[in-house]
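Enquirer: Contents of entry10.cif (mmCIF, C-alpha atoms and all ligand atoms) are below:
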```cif
data_upload
#
loop_
_atom_site.label_atom_id
_atom_site.label_comp_id
_atom_site.auth_asym_id
_atom_site.auth_seq_id
_atom_site.Cartn_x
_atom_site.Cartn_y
_atom_site.Cartn_z
CA MET A 1 0.00 0.00 0.00
CA THR A 2 1.18 3.50 -0.80
CA THR A 3 2.28 5.56 2.16
CA THR A 4 -0.37 8.27 2.47
CA VAL A 5 -0.30 11.55 4.37
CA GLY A 6 -3.53 13.49 4.87
CA VAL A 7 -3.44 17.25 5.30
CA LEU A 8 -6.40 18.26 7.45
CA SER A 9 -8.45 20.48 5.20
CA ILE A 10 -10.57 22.60 7.51
CA GLN A 11 -8.87 25.97 7.54
CA GLY A 12 -5.46 27.66 7.38
CA ALA A 13 -2.22 26.78 5.57
CA VAL A 14 -3.60 23.61 3.93
CA ALA A 15 -2.40 24.13 0.34
CA GLU A 16 1.12 25.00 1.50
CA HIS A 17 1.51 21.75 3.46
CA LEU A 18 0.06 19.74 0.59
CA ASP A 19 2.55 21.40 -1.71
CA SER A 20 5.51 20.74 0.63
CA MET A 21 4.62 17.04 0.93
CA ARG A 22 4.05 16.69 -2.80
CA ARG A 23 7.42 18.31 -3.51
CA LEU A 24 9.00 15.85 -1.11
CA PHE A 25 7.33 12.91 -2.84
CA THR A 26 8.86 13.92 -6.17
CA LYS A 27 12.30 13.13 -4.70
CA PRO A 28 13.53 9.58 -5.37
CA ALA A 29 14.09 8.61 -1.72
CA TYR A 30 10.57 9.59 -0.64
CA LYS A 31 7.71 7.36 -1.68
CA GLY A 32 4.08 8.15 -1.03
CA GLN A 33 1.23 10.52 -1.68
CA ALA A 34 -0.35 13.52 0.01
CA VAL A 35 -4.13 13.98 0.04
CA LEU A 36 -6.62 16.36 1.59
CA LEU A 37 -8.21 14.97 4.74
CA ARG A 38 -11.87 15.91 4.69
CA THR A 39 -13.90 13.03 6.12
CA PRO A 40 -13.65 10.74 9.17
CA GLU A 41 -13.78 7.67 6.86
CA GLN A 42 -10.42 8.61 5.35
CA VAL A 43 -8.59 8.50 8.68
CA GLU A 44 -8.16 4.72 8.91
CA ASP A 45 -6.26 4.58 5.59
CA LEU A 46 -3.71 7.23 6.51
CA ASP A 47 -0.14 6.68 7.70
CA GLY A 48 0.27 10.28 8.73
CA VAL A 49 -1.68 13.49 9.23
CA ILE A 50 -0.64 17.11 9.13
CA LEU A 51 -2.63 19.56 11.22
CA PRO A 52 -1.95 22.97 9.64
CA GLY A 53 -1.87 26.39 11.28
CA GLY A 54 -4.99 28.51 11.30
CA GLU A 55 -7.25 29.23 14.24
CA SER A 56 -7.17 26.45 16.81
CA THR A 57 -10.60 27.34 18.25
CA THR A 58 -12.26 27.05 14.83
CA ILE A 59 -10.28 24.01 13.71
CA SER A 60 -11.04 22.10 16.92
CA ARG A 61 -14.75 22.88 16.71
CA ILE A 62 -14.98 21.54 13.15
CA LEU A 63 -12.69 18.60 13.98
CA GLU A 64 -15.13 17.44 16.63
CA ARG A 65 -18.29 18.19 14.68
CA SER A 66 -17.04 16.44 11.53
CA GLY A 67 -16.12 13.25 13.41
CA ILE A 68 -12.50 13.48 12.25
CA GLY A 69 -11.32 14.38 15.78
CA PRO A 70 -12.77 11.25 17.42
CA GLN A 71 -11.29 9.06 14.65
CA LEU A 72 -7.88 10.64 15.15
CA ARG A 73 -8.12 10.08 18.91
CA THR A 74 -8.65 6.35 18.33
CA ARG A 75 -5.56 6.17 16.10
CA ILE A 76 -3.57 8.24 18.64
CA ALA A 77 -4.58 5.86 21.44
CA ASN A 78 -3.38 2.92 19.30
CA ASP A 79 -0.16 4.83 18.55
CA ASP A 80 -0.34 3.78 14.90
CA ILE A 81 -0.46 7.11 13.10
CA ALA A 82 2.14 9.87 12.75
CA ILE A 83 0.89 13.42 13.27
CA MET A 84 2.65 16.73 12.72
CA GLY A 85 0.87 19.81 14.06
CA THR A 86 2.14 23.25 13.08
CA CYS A 87 1.16 26.43 14.94
CA ALA A 88 -2.58 25.98 15.65
CA GLY A 89 -2.01 22.28 14.88
CA CYS A 90 0.68 22.20 17.57
CA VAL A 91 -1.88 23.59 20.02
CA LEU A 92 -4.28 20.73 19.18
CA LEU A 93 -1.62 18.08 19.90
CA ALA A 94 -1.10 19.31 23.48
CA LYS A 95 -2.52 17.71 26.62
CA THR A 96 -3.24 21.04 28.31
CA LEU A 97 -3.45 24.77 27.61
CA ALA A 98 -1.70 27.48 29.62
CA ASP A 99 -4.32 30.07 28.60
CA PRO A 100 -7.99 29.99 29.51
CA THR A 101 -9.41 29.49 25.99
CA LYS A 102 -11.73 26.56 25.54
CA VAL A 103 -10.27 24.38 22.81
CA THR A 104 -11.00 20.66 22.58
CA LEU A 105 -7.49 19.23 22.33
CA LEU A 106 -6.40 15.93 20.79
CA GLU A 107 -4.19 15.40 23.89
CA ALA A 108 -1.53 13.42 21.99
CA MET A 109 1.61 14.90 23.55
CA ASP A 110 2.82 15.44 27.10
CA MET A 111 3.03 19.18 26.78
CA GLU A 112 1.30 22.38 27.81
CA VAL A 113 0.91 25.12 25.21
CA ARG A 114 0.16 28.84 25.42
CA ARG A 115 -1.76 30.23 22.43
CA ASN A 116 -0.70 33.59 20.93
CA ALA A 117 2.27 33.60 23.29
CA PHE A 118 4.19 36.47 21.70
CA GLY A 119 1.76 39.34 22.21
CA ARG A 120 0.89 42.10 19.80
CA GLN A 121 4.30 43.59 18.99
CA LYS A 122 5.67 40.27 17.88
CA GLU A 123 2.65 38.78 16.15
CA SER A 124 4.85 37.58 13.33
CA PHE A 125 8.59 37.31 12.96
CA GLU A 126 11.26 35.12 11.47
CA ARG A 127 14.11 33.55 13.42
CA PRO A 128 16.83 31.06 12.48
CA LEU A 129 16.36 28.00 14.69
CA GLN A 130 18.78 25.40 15.92
CA ILE A 131 16.85 22.13 15.69
CA LYS A 132 18.04 18.84 17.17
CA GLY A 133 18.99 16.49 14.33
CA LEU A 134 19.40 19.28 11.72
CA ARG A 135 22.89 20.50 10.97
CA LYS A 136 22.14 24.00 9.68
CA PRO A 137 19.65 26.50 11.23
CA PHE A 138 16.05 26.31 10.01
CA PRO A 139 14.20 29.52 9.03
CA GLY A 140 11.43 29.70 11.64
CA VAL A 141 8.38 31.69 10.52
CA PHE A 142 6.18 32.57 13.50
CA ILE A 143 2.65 33.92 13.02
CA ARG A 144 0.63 34.53 16.19
CA ALA A 145 2.47 31.49 17.36
CA PRO A 146 2.04 29.40 20.47
CA LEU A 147 4.84 28.44 22.84
CA ILE A 148 5.28 25.05 24.45
CA THR A 149 5.31 26.12 28.08
CA ARG A 150 5.89 22.73 29.73
CA THR A 151 6.83 19.21 28.68
CA TRP A 152 6.89 16.03 30.72
CA GLY A 153 6.93 12.26 30.29
CA ASP A 154 8.28 11.10 26.95
CA CYS A 155 7.99 14.48 25.21
CA GLU A 156 11.40 15.56 23.88
CA VAL A 157 12.29 19.20 23.22
CA LEU A 158 13.76 19.66 19.71
CA ALA A 159 14.06 23.46 19.49
CA GLU A 160 14.05 26.38 21.86
CA ILE A 161 14.34 30.16 21.53
CA ASP A 162 14.83 32.76 24.31
CA GLU A 163 11.09 32.85 24.96
CA GLY A 164 10.68 29.08 25.31
CA VAL A 165 10.23 25.77 23.51
CA VAL A 166 9.04 25.89 19.88
CA MET A 167 9.33 22.28 18.72
CA ALA A 168 8.91 18.93 20.45
CA ARG A 169 8.47 15.29 19.60
CA GLN A 170 6.87 12.38 21.35
CA GLY A 171 7.08 9.08 19.49
CA LYS A 172 5.04 9.49 16.31
CA PHE A 173 3.86 13.03 17.17
CA LEU A 174 5.62 16.25 16.22
CA GLY A 175 4.60 19.65 17.57
CA VAL A 176 5.95 22.68 15.70
CA ALA A 177 5.03 26.21 16.90
CA PHE A 178 6.10 27.84 13.61
CA HIS A 179 5.32 27.38 9.89
CA PRO A 180 7.81 25.16 7.98
CA GLU A 181 5.33 24.99 5.06
CA LEU A 182 5.83 28.72 4.40
CA THR A 183 9.49 28.24 3.50
CA ASP A 184 11.20 26.35 0.68
CA ASP A 185 13.05 24.31 3.27
CA LEU A 186 11.66 20.76 3.35
CA ARG A 187 13.79 19.43 6.22
CA ILE A 188 10.97 19.36 8.79
CA HIS A 189 8.64 17.58 6.35
CA GLN A 190 11.52 15.15 5.72
CA LEU A 191 11.83 14.55 9.44
CA PHE A 192 8.08 13.90 9.60
CA TYR A 193 8.32 11.47 6.67
CA LYS A 194 10.83 9.43 8.65
CA MET A 195 8.25 9.13 11.45
CA LEU A 196 5.60 7.57 9.18
N1 LIG B 1 -3.03 31.93 17.18
C1 LIG B 1 -3.58 30.81 16.48
C2 LIG B 1 -4.25 29.84 17.42
O1 LIG B 1 -3.90 29.72 18.55
C3 LIG B 1 -2.52 30.09 15.71
C4 LIG B 1 -1.98 30.93 14.61
C5 LIG B 1 -1.45 30.14 13.45
O2 LIG B 1 -1.71 28.96 13.32
N2 LIG B 1 -0.74 30.81 12.59
O3 LIG B 1 -5.13 29.16 17.02
#
```
Can you dump the structure from the file as C-alpha cells?
Ligand code: GLN
Expert:
Amino acid sequence: MTTTVGVLSIQGAVAEHLDSMRRLFTKPAYKGQAVLLRTPEQVEDLDGVILPGGESTTISRILERSGIGPQLRTRIANDDIAIMGTCAGCVLLAKTLADPTKVTLLEAMDMEVRRNAFGRQKESFERPLQIKGLRKPFPGVFIRAPLITRTWGDCEVLAEIDEGVVMARQGKFLGVAFHPELTDDLRIHQLFYKML
C-alpha cells in the first residue's frame, strides 16, 4: 500500500503543506502521496496526518463536529499514526493549555501550550532556529504562534528560543510552533516522513 499523508483540510495553511509534501514525494528517496483529509472515513487509511496552522478554536470545533477528531483520537490511542501539528495544529496536539481558551485538544503529547504567546508587537517574525537532528539553522516563521510552556513524560524538546520551547516530539507526534510549510526548506517535512 502506498504511504499516504492526509493534510487536514478545515482551515489555514492547507495548500502550502500539501505542496511541501508533494514536492518531497517527487524526490527519489521519498515514496508516497499527500491527500486532503476531509472526512472521518479517510482516517483509517492514513499513515500520517498534518494539522496545519490557522485558528485552533475554529479548527477544533470543526474537527469534533465532523467526526474526524474522534477518529484521530482512536488512532492516537493505538499509537499507529504519525501526526505533525504546526502552529494551531501544535496547540491541538497538546494535553493542556496554559491560557484559559476553551479548545477541545487531541491530547496526543505530554506538553502544555500557550496560544498567541508572543503578544501584539511580535505577532509575526522570522528567526533562524537550531533544531536537534538538523545541521544548519532552520528559518522559523512565527505567526501569532504558540509556545510550548511545559513538557513532561516522553515528550522531547527539539528546538528552543529565548522565549521558550518551539518544537517537540513524542514518538510518532511532532509539535511545531512555527510554519515550515511557508518556506522552501523541506527538512521538517523530511523529518516527519521518517516518522511515518
Ligand atoms: N493563534 C492561532 C491559534 O492559537 C494560531 C496561529 C497560526 O496557526 N498561525 O489558534
Enquirer: Interatomic distance between atom CA of Leu72 of chain A and atom CA of Ala13 of chain A?
Expert: 19.6 Å
Enquirer: So how far away is atom CA of Phe178 of chain A from atom CA of Arg115 of chain A, in Å?
Expert: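 Answer for the atom CA of Arg115 of chain A to atom CA of Phe178 of chain A separation: 12.1 Å.
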Enquirer: Calculate, to one decimal in Å, the centre and edge lengths of the box along x, y and z of the file that holds all listed atoms of segment 39-50 of chain A with 6 Å of margin on each side, and present them as JSON.
Expert:
```
{"center_x": -6.8, "center_y": 10.8, "center_z": 7.3, "size_x": 26.2, "size_y": 24.5, "size_z": 15.9}
```
Enquirer: Rank A:Leu18, A:Val176, A:Val103, A:Val35 by their smallest atom-to-atom distance to Ala145 of chain A, using only C-alpha atoms, and report the top residue only.
Expert: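 Closest to Ala145 of chain A of all the choices is A:Val176.
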Enquirer: Enumerate, in order of chain and increasing residue number, the residues of chain A with an atom no farther than 7 Å from ligand LIG 1 (chain B), each with its shortest atom pair and distance in Å to one decimal, counting all atoms listed in the file, as a Markdown table.
Expert:
```
| residue | atom | partner | partner_atom | distance |
| --- | --- | --- | --- | --- |
| A:Gly53 | CA | B:LIG1 | O2 | 3.3 |
| A:Gly54 | CA | B:LIG1 | O2 | 3.9 |
| A:Glu55 | CA | B:LIG1 | O3 | 3.5 |
| A:Ser56 | CA | B:LIG1 | O3 | 3.4 |
| A:Thr57 | CA | B:LIG1 | O3 | 5.9 |
| A:Thr86 | CA | B:LIG1 | O2 | 6.9 |
| A:Cys87 | CA | B:LIG1 | O2 | 4.2 |
| A:Ala88 | CA | B:LIG1 | O2 | 3.9 |
| A:Gly89 | CA | B:LIG1 | O2 | 6.9 |
| A:Val91 | CA | B:LIG1 | O1 | 6.6 |
| A:Arg115 | CA | B:LIG1 | O1 | 4.5 |
| A:Asn116 | CA | B:LIG1 | N1 | 4.7 |
| A:Ile143 | CA | B:LIG1 | N2 | 4.6 |
| A:Arg144 | CA | B:LIG1 | N1 | 4.6 |
| A:Ala145 | CA | B:LIG1 | C4 | 5.3 |
| A:Pro146 | CA | B:LIG1 | O1 | 6.3 |
```
Enquirer: Give me, as CSV, the closest atom pair and its distance (Å, one decimal) for every residue of segment 2-113 of chain A within a cut-off of 7 Å of segment 157-174 of chain A, counting all atoms listed in the file, rows sorted by chain and rising number.
Expert:
```
residue,atom,partner,partner_atom,distance
A:Ile81,CA,A:Lys172,CA,6.8
A:Ala82,CA,A:Lys172,CA,4.6
A:Ile83,CA,A:Phe173,CA,4.9
A:Met84,CA,A:Leu174,CA,4.6
A:Gly85,CA,A:Leu174,CA,6.3
A:Met109,CA,A:Gln170,CA,6.2
```
Enquirer: Interatomic distance between atom CA of Lys27 of chain A and atom CA of Leu182 of chain A?
Expert: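 Here the two named atoms are 19.2 Å from each other.
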Enquirer: Near segment 117-128 of chain A, within 6 Å and counting only C-alpha atoms, which residues show up once chain neighbours fewer than 6 positions away are dropped, as a list in words?
Expert: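 Selected residues are Pro137, Phe138, Pro139, Gly140, Val141, Phe142, Ile143, Arg144, Pro146 and Leu147 of chain A.
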